[in-house]
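Heads up, the thing below is written out as C-alpha cells.
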Amino acid sequence: MKRILLTLTVLLAIMGARTGLLSVPVTPAQAADHASLPVVAPVISCEVLGNVDLAPVVGATVHGQKAAVLQTSKGKFCKVTGQIAPAVSFEVDLPMEHWTQRFLLGGCGGLCGMTRVGVSNAGACAPALNGEFVMAGDDMGHTGPMTGLAQGEFGKDPQKRIDFAYRANHVTALAAKALTAAFYGQAPKYSYFVGCSDGGREALMEAQRFPEDFDGISAGAPAALFTVQNSFYHAWNVRGNQRADGTNILLQNRVGILHDAVIRHCDTLSGVKDGILEEPRACHFDPAWVQCPAGQGDTSHCLTAEETQAALRLYEGATDAAGHPYIIGGPLPGSELQWALPATAHGESMSNGIAASAIAYVIAAQVDEKAADLTRFRFDDASFVQISELAALYNAENTNLHPFQKRGGRLILWHGLADQSISPLNTIAYYQGVQREMGLEQTDSFLKFYVLPGVGHCGNGEGFPQVDFLSPLMAWTETGTAPAAIWTERTAQGEEVMGPPSGGHGKPPTGGQIHVAPIPSQPYARPNATATASRPVYPYPYMAQYIGSGDVNDARNYRPVKSPVSLPMVFTSHATPLIGPDNQKHYEVVNGKLSVTH
C-alpha cells in the first residue's frame, strides 16, 4: 500500500540538521508507509473468544466477558467486552476478515469515564481506514461524565485513582494481546498507542512505565504535568480573570480584539501574512497594542485597562503574590481565539469544571469536596506542596526513556502552538528534559517532536490541524524510515468552524470549550476531509518558511529553517523540578488508602 507522505531523504535531513536550512524545496515523495504483512484469518470462532480466560494474563478477575459479531462498513469484527477488576471496562474489536497483524489502543481524553474504540490523526492511513487493526479502548477504570464536577468523583476510591493514573491501559493492552493471540493463533506483529490530551499523558505513561507494551506511540498535547495542569493552570484561568466579587472580566466576545492585535504586531516568520504565528515564542505581547486610551468611551475596538491586565495574567499563568511562577507557562500569543473563557460576567468556562473536580476529588491525597469552590484555592507554596503529593502517581514526566528506546520503541510527540488547555511550553520542557537525560543524538534516534502553528488543543484553530501521525509512526516502526517533514492540512470544514485564517475577529469556540465531544466508537479511522491548503511541519526546533514562489497554500513551497528562539529554553517555575528521570512510583491500596509499593 502506498500513499503520498511528505518525507525527506536521509541526506537532506542531515543537511537540514547541520545548516538549519535545506538547499532545495521539500517535495512530496512516494514512500511505503508500513510493512507489507499478509492477512491472517481467525483460528477460532468469535463465540469461543468470549470464553478465553484472561485472569492469568491481567492478574485480576475479569467480569462479564462476552463476544459478539459486530457488522461494520469495513467488514465483520469480533467485539469482546468485559470488566477487569475492580472496574476497568474494556472493548476489543478484532477483524474477522482482513487482520494485518497490528494492534492499536486509543487513549481517552479528559478524565475519561467512557469506553470507546477509535483512532484520531490517522485519516490518511490505509490500514486504519480499512479496519485492518485489532482496536481496543477502556474507560480508565471508572464510569462518569467527561465534564462537570461529577467527572472526578472516582477519586473517592483509591484503587480507581491508580487505574486512572496508569493501570487501566496496561491491563487492557495485556487483555487485547491475549485475545488477539487466541483468535488468530499468533500475537500482533506491531502494537501502537495513539492519544491526545489526557490520552497524550496516557501515551507517555505507557512509554515510561510499561515500555514493552507498544512498539510505536503517538502522544499529542499530553497532560503530562497532570497535578499542576488540572489545578494551578486551570484554576488560574478562572481566578486570574475574575474581579474581587467573582465576576468575570475578559469574555469570549472580546478576545478577537486581542487576537487581531497580536497578529497585526507579530511577524508570522513563515514569509506569508496568513495570520498564523509560525513561532509564537518570538512574539512578546505589549499591552499598548490593545488598551484603550485613558478616557476613551468607545471600547468596541480596544480593551479596557482591566481587560488588558486580565489578558496579561492569562498569558503569564499562575504565580504567587510576588510574581513567582507555579506553572511552566500560559497559552502563547496567537492562541487567543481558542481561550476557554466564559460568555458572560457570571458564566463559567470549562476550566472551572476541570479544576474544581480535580482539586476536590483527584489530585490531593485526601478528598475535600469543599475544595470544588475555587475561591478557596490559594496560589501559594503550601497549596503547591499539597497538589504535588501524588505527582509520582499521576504525572508522566519521567525523562528516562532508556528502556523504551532500548527495546526499539518509537515515539512521536506533538503539540499545537495555539493550545489553550495545555501550554505547549509544558511539552517543550519535557522534550528538553529527555534530551538532557539521554543526549541529543540518542533522543533523536527514537523520538521526534513536532509543534503545529495555529493549532488548538488536539486540533481546531486557524492553522493546519488535519494531520496523519499514524502513517509516519508506522513507517518508522516497521520499515525504519524516520519521519522528517509531516504534511498538515486545513479543510473547508475547519474554516467554517473557526472563521477565516486571516483573523479579523474570528469566532472563539462556543462556550469556551476545551474538549470536543468524542467521535463515535468504531474500529477504524475516519477519512480526512478535503483539504483546501497544506503546510509542512518539521521536527522541533525547525519551522516552515515560504520559499518565495509558488502557491502559498501548497506545502511543497516551504522549507525548514531553525527557530529564532534561543534554545534550550530556561524554565524556573515551581513545576520545573517535577520533570526529570525516575520520578514515578507504583502504588497499591492498603487499609483503604494509597500506599507506595515497596
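Following the order of the C-alpha cells, first chain is A, next is B, and so on, with residues numbered from 1 inside each chain and ligands from 1 in the order they appear.
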
_Spatial neighbours of stretch 160-169 of chain A, max dist 9 Å, only C-alpha atoms, sep filter under 4 positions, as number ranges by chain_ = A: 84, 86-90, 105, 107, 111-112, 137-142, 154-156, 173-174, 202, 205-206, 209, 362, 393-395, 586-589, 594

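Taking only C-alpha atoms, the non-local environment of A:Asp468 within 7 Å (same-chain residues fewer than 6 positions away omitted) comprises Asn121, Ala122, Gly123 and Ala124 of chain A.
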
I need the residues from that last selection saved to file as a tab-separated table (two decimals), in the first residue's frame (with C-alpha atoms), if you can.
```tsv
chain	number	residue	atom	x	y	z
A	121	ASN	CA	-4.98	11.68	13.44
A	122	ALA	CA	-4.98	8.70	11.09
A	123	GLY	CA	-7.31	9.86	8.32
A	124	ALA	CA	-4.86	9.02	5.51
```

*asked:* Restricting the calculation to only C-alpha atoms: of A:Lys370, A:Arg535, A:His402, A:Lys585, which residue gets closest to A:Ser445?
replied: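 Closest to A:Ser445 of all the choices is A:His402.
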
*Select, from A:Asp93, A:Asp245, A:Glu389, A:Asp33, the residue with the minimum atom-to-atom distance to A:Leu578, counting only C-alpha atoms.*
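Once distances to A:Leu578 are computed over only C-alpha atoms, the minimum belongs to A:Glu389.
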
*alpha helix (DSSP H) positions in stretch 239-438 of chain A, given as a ChimeraX atom specification*: /A:239,255-265,305-316,350-357,381-387,391-394,402-406,424-438

*Determine, counting only C-alpha atoms, which protein, DNA and RNA residues have an atom within 12 Å of an atom of A:Ser388; residues of the same chain fewer than 5 positions away are not included. Present the result as number ranges by chain.*
A: 225-232, 326, 359, 362-365, 381-383, 393-395, 574-578, 583

Keeping only N, CA and C atoms, write the selected residues as a short mmCIF file (atom, residue, chain, number, x, y, z; two decimals), in the first residue's frame.
```cif
data_model
loop_
_atom_site.label_atom_id
_atom_site.label_comp_id
_atom_site.auth_asym_id
_atom_site.auth_seq_id
_atom_site.Cartn_x
_atom_site.Cartn_y
_atom_site.Cartn_z
N LEU A 225 1.96 16.89 32.99
CA LEU A 225 2.15 17.52 34.29
C LEU A 225 0.78 17.61 34.97
N PHE A 226 0.16 16.46 35.12
CA PHE A 226 -1.26 16.35 35.47
C PHE A 226 -1.61 17.10 36.75
N THR A 227 -0.84 16.92 37.80
CA THR A 227 -1.20 17.51 39.09
C THR A 227 -1.22 19.04 39.04
N VAL A 228 -0.29 19.62 38.31
CA VAL A 228 -0.23 21.08 38.20
C VAL A 228 -1.23 21.58 37.17
N GLN A 229 -1.32 20.86 36.06
CA GLN A 229 -2.18 21.25 34.95
C GLN A 229 -3.64 21.39 35.37
N ASN A 230 -4.14 20.40 36.09
CA ASN A 230 -5.56 20.39 36.44
C ASN A 230 -5.87 21.11 37.74
N SER A 231 -4.89 21.79 38.28
CA SER A 231 -5.13 22.60 39.48
C SER A 231 -4.69 24.04 39.22
N PHE A 232 -3.40 24.31 39.35
CA PHE A 232 -2.91 25.68 39.23
C PHE A 232 -3.21 26.28 37.85
N TYR A 326 4.22 29.32 39.19
CA TYR A 326 3.99 27.95 39.63
C TYR A 326 3.92 26.97 38.46
N ILE A 359 -9.30 19.18 41.79
CA ILE A 359 -8.80 19.60 43.10
C ILE A 359 -9.58 18.95 44.22
N VAL A 362 -9.48 14.35 42.90
CA VAL A 362 -8.47 13.51 42.25
C VAL A 362 -7.04 13.80 42.66
N ILE A 363 -6.65 15.06 42.65
CA ILE A 363 -5.23 15.38 42.79
C ILE A 363 -4.73 15.29 44.22
N ALA A 364 -5.44 15.89 45.15
CA ALA A 364 -4.98 15.88 46.54
C ALA A 364 -5.08 14.47 47.12
N ALA A 365 -4.22 14.18 48.07
CA ALA A 365 -4.21 12.85 48.67
C ALA A 365 -5.52 12.54 49.38
N ASP A 381 2.79 28.43 48.14
CA ASP A 381 3.68 27.27 48.22
C ASP A 381 3.03 26.09 48.94
N ALA A 382 2.24 26.37 49.94
CA ALA A 382 1.59 25.29 50.69
C ALA A 382 0.64 24.52 49.79
N SER A 383 -0.11 25.23 48.97
CA SER A 383 -1.02 24.56 48.04
C SER A 383 -0.25 23.75 47.01
N LEU A 393 2.40 9.50 41.21
CA LEU A 393 1.33 8.62 40.75
C LEU A 393 0.80 9.06 39.39
N TYR A 394 0.44 10.32 39.26
CA TYR A 394 -0.30 10.80 38.09
C TYR A 394 0.57 11.34 36.95
N ASN A 395 1.67 11.99 37.28
CA ASN A 395 2.41 12.70 36.24
C ASN A 395 3.17 11.75 35.32
N HIS A 574 7.94 26.62 39.82
CA HIS A 574 7.84 25.59 40.85
C HIS A 574 7.64 24.21 40.24
N ALA A 575 7.01 24.17 39.05
CA ALA A 575 6.70 22.89 38.42
C ALA A 575 7.91 22.26 37.74
N THR A 576 8.93 23.06 37.43
CA THR A 576 10.07 22.56 36.67
C THR A 576 10.74 21.34 37.31
N PRO A 577 10.96 21.31 38.63
CA PRO A 577 11.60 20.13 39.24
C PRO A 577 10.77 18.84 39.14
N LEU A 578 9.50 18.95 38.77
CA LEU A 578 8.68 17.75 38.62
C LEU A 578 8.99 17.01 37.32
N ASN A 583 11.08 9.51 38.35
CA ASN A 583 10.31 10.24 39.37
C ASN A 583 8.91 9.67 39.55
#
```

I'd like a table as CSV: residues in stretch 323-388 of chain A with an atom no more than 7 Å from stretch 421-431 of chain A, each row giving the shortest atom pair and its distance in Å to one decimal, only C-alpha atoms counted, sorted by chain and rising residue number.
```
residue,atom,partner,partner_atom,distance
A:Ile328,CA,A:Asn426,CA,5.8
A:Gly329,CA,A:Leu425,CA,6.0
A:Gly330,CA,A:Ser423,CA,5.7
A:Pro331,CA,A:Ser423,CA,5.2
```

*atom CA of A:Ala318 to atom CA of A:Trp236, straight-line distance in Å*: 5.5 Å

*A:Tyr524: which residues within 8 Å, counting only C-alpha atoms, same-chain residues fewer than 5 positions away excluded, as a ChimeraX atom specification?*
/A:74,118-119,128-133,135

Requested write-out: C-alpha atoms of the selected residues, as a short mmCIF file (atom, residue, chain, number, x, y, z; two decimals), in the first residue's frame:
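Saved to again-v4.cif:
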```cif
data_model
loop_
_atom_site.label_atom_id
_atom_site.label_comp_id
_atom_site.auth_asym_id
_atom_site.auth_seq_id
_atom_site.Cartn_x
_atom_site.Cartn_y
_atom_site.Cartn_z
CA LYS A 74 -15.37 -2.28 6.84
CA GLY A 118 -11.23 4.53 17.66
CA VAL A 119 -8.16 6.38 16.48
CA ALA A 128 -6.51 2.10 9.81
CA LEU A 129 -9.13 3.30 7.32
CA ASN A 130 -9.71 -0.26 6.08
CA GLY A 131 -10.24 -1.70 9.54
CA GLU A 132 -7.13 -3.90 9.48
CA PHE A 133 -6.16 -3.30 13.12
CA MET A 135 -8.50 -1.97 18.12
#
```

*Would you mind telling me which residue in A:Gly433, A:Pro222, A:Pro333, A:Pro539 lies nearest to A:Ala482 when using only C-alpha atoms?*
A:Pro539

*Which residues come within 12 Å of A:Asp551, counting only C-alpha atoms, excluding same-chain residues fewer than 3 positions away, as a list in words?*
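After dropping sequence-adjacent residues, the list is Val272, Thr532, Ala533, Ser534, Arg535, Tyr546, Ile547, Gly548, Asp554, Ala555, Arg556, Asn557 and Tyr558 of chain A.
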
_Can you pull out every residue from stretch 123-238 of chain A that DSSP, working from the backbone, puts in strand (DSSP E), and format the result as a list in words?_
Phe133, Val134, Met135, Ala136, Gly137, Asp138, Tyr190, Ser191, Tyr192, Phe193, Val194, Gly195, Cys196, Gly216, Ile217, Ser218, Ala219 and Gly220 of chain A

Include C-alpha atoms and write out the residues we just selected as an mmCIF file, in the first residue's frame.
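Output saved as result_8.cif:
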```cif
data_model
loop_
_atom_site.group_PDB
_atom_site.id
_atom_site.type_symbol
_atom_site.label_atom_id
_atom_site.label_comp_id
_atom_site.auth_asym_id
_atom_site.auth_seq_id
_atom_site.Cartn_x
_atom_site.Cartn_y
_atom_site.Cartn_z
ATOM 1 C CA PHE A 133 -6.164 -3.296 13.118
ATOM 2 C CA VAL A 134 -7.275 -5.037 16.257
ATOM 3 C CA MET A 135 -8.503 -1.966 18.122
ATOM 4 C CA ALA A 136 -9.156 -1.532 21.823
ATOM 5 C CA GLY A 137 -10.326 1.071 24.299
ATOM 6 C CA ASP A 138 -11.163 1.339 28.005
ATOM 7 C CA TYR A 190 3.243 -4.474 15.811
ATOM 8 C CA SER A 191 1.411 -2.703 18.633
ATOM 9 C CA TYR A 192 0.541 1.006 18.726
ATOM 10 C CA PHE A 193 -0.856 3.550 21.176
ATOM 11 C CA VAL A 194 -2.370 6.828 19.956
ATOM 12 C CA GLY A 195 -3.741 9.521 22.252
ATOM 13 C CA CYS A 196 -4.119 13.273 22.793
ATOM 14 C CA GLY A 216 5.043 2.805 18.363
ATOM 15 C CA ILE A 217 3.424 5.598 20.388
ATOM 16 C CA SER A 218 1.897 8.920 19.317
ATOM 17 C CA ALA A 219 1.457 11.407 22.182
ATOM 18 C CA GLY A 220 -0.396 14.622 21.360
#
```

*Smallest atom-to-atom distance to A:Pro188: which of A:Ala371, A:Ile276, A:Ala531, A:Ala176, using only C-alpha atoms?*
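Selected residue with least distance to A:Pro188: A:Ala176.
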
*asked:* Report as an MDAnalysis selection string all protein, DNA and RNA residues lying within 9 Å of A:Thr319, evaluated on only C-alpha atoms, omitting residues in the same chain fewer than 5 positions from it.
replied: chainID A and resid 232 236 313 324:327 379:380 573

Save out the residues we just selected, C-alpha atoms, as a short mmCIF file (atom, residue, chain, number, x, y, z; two decimals), in the first residue's frame.
```cif
data_model
loop_
_atom_site.label_atom_id
_atom_site.label_comp_id
_atom_site.auth_asym_id
_atom_site.auth_seq_id
_atom_site.Cartn_x
_atom_site.Cartn_y
_atom_site.Cartn_z
CA PHE A 232 -2.91 25.68 39.23
CA TRP A 236 -5.74 30.41 37.34
CA ARG A 313 -2.37 37.39 33.77
CA HIS A 324 6.97 33.77 41.10
CA PRO A 325 5.54 31.24 38.59
CA TYR A 326 3.99 27.95 39.63
CA ILE A 327 3.44 26.60 36.11
CA PHE A 379 -1.86 30.19 44.81
CA ASP A 380 0.88 29.68 47.36
CA SER A 573 8.80 27.63 37.80
#
```

*Which of A:Val467, A:Ala182, A:Ala418, A:Leu401 sits closest to A:Glu212 [using only C-alpha atoms]*: A:Leu401

_Here is a test: counting only C-alpha atoms, which residue of A:Lys66, A:Arg201, A:His234, A:His301 is nearest to A:Ala261?_
A:His301

*Please identify all polymer residues within 8 Å of A:Ala372, counting only C-alpha atoms, omitting same-chain residues fewer than 2 positions from it, and present them as a PyMOL selection string.*
chain A and resi 149+355-357+359-360+368-370+374

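The gap separating atom CA of A:Thr488 from atom CA of A:Tyr233 is 28.8 Å, in Å to one decimal.
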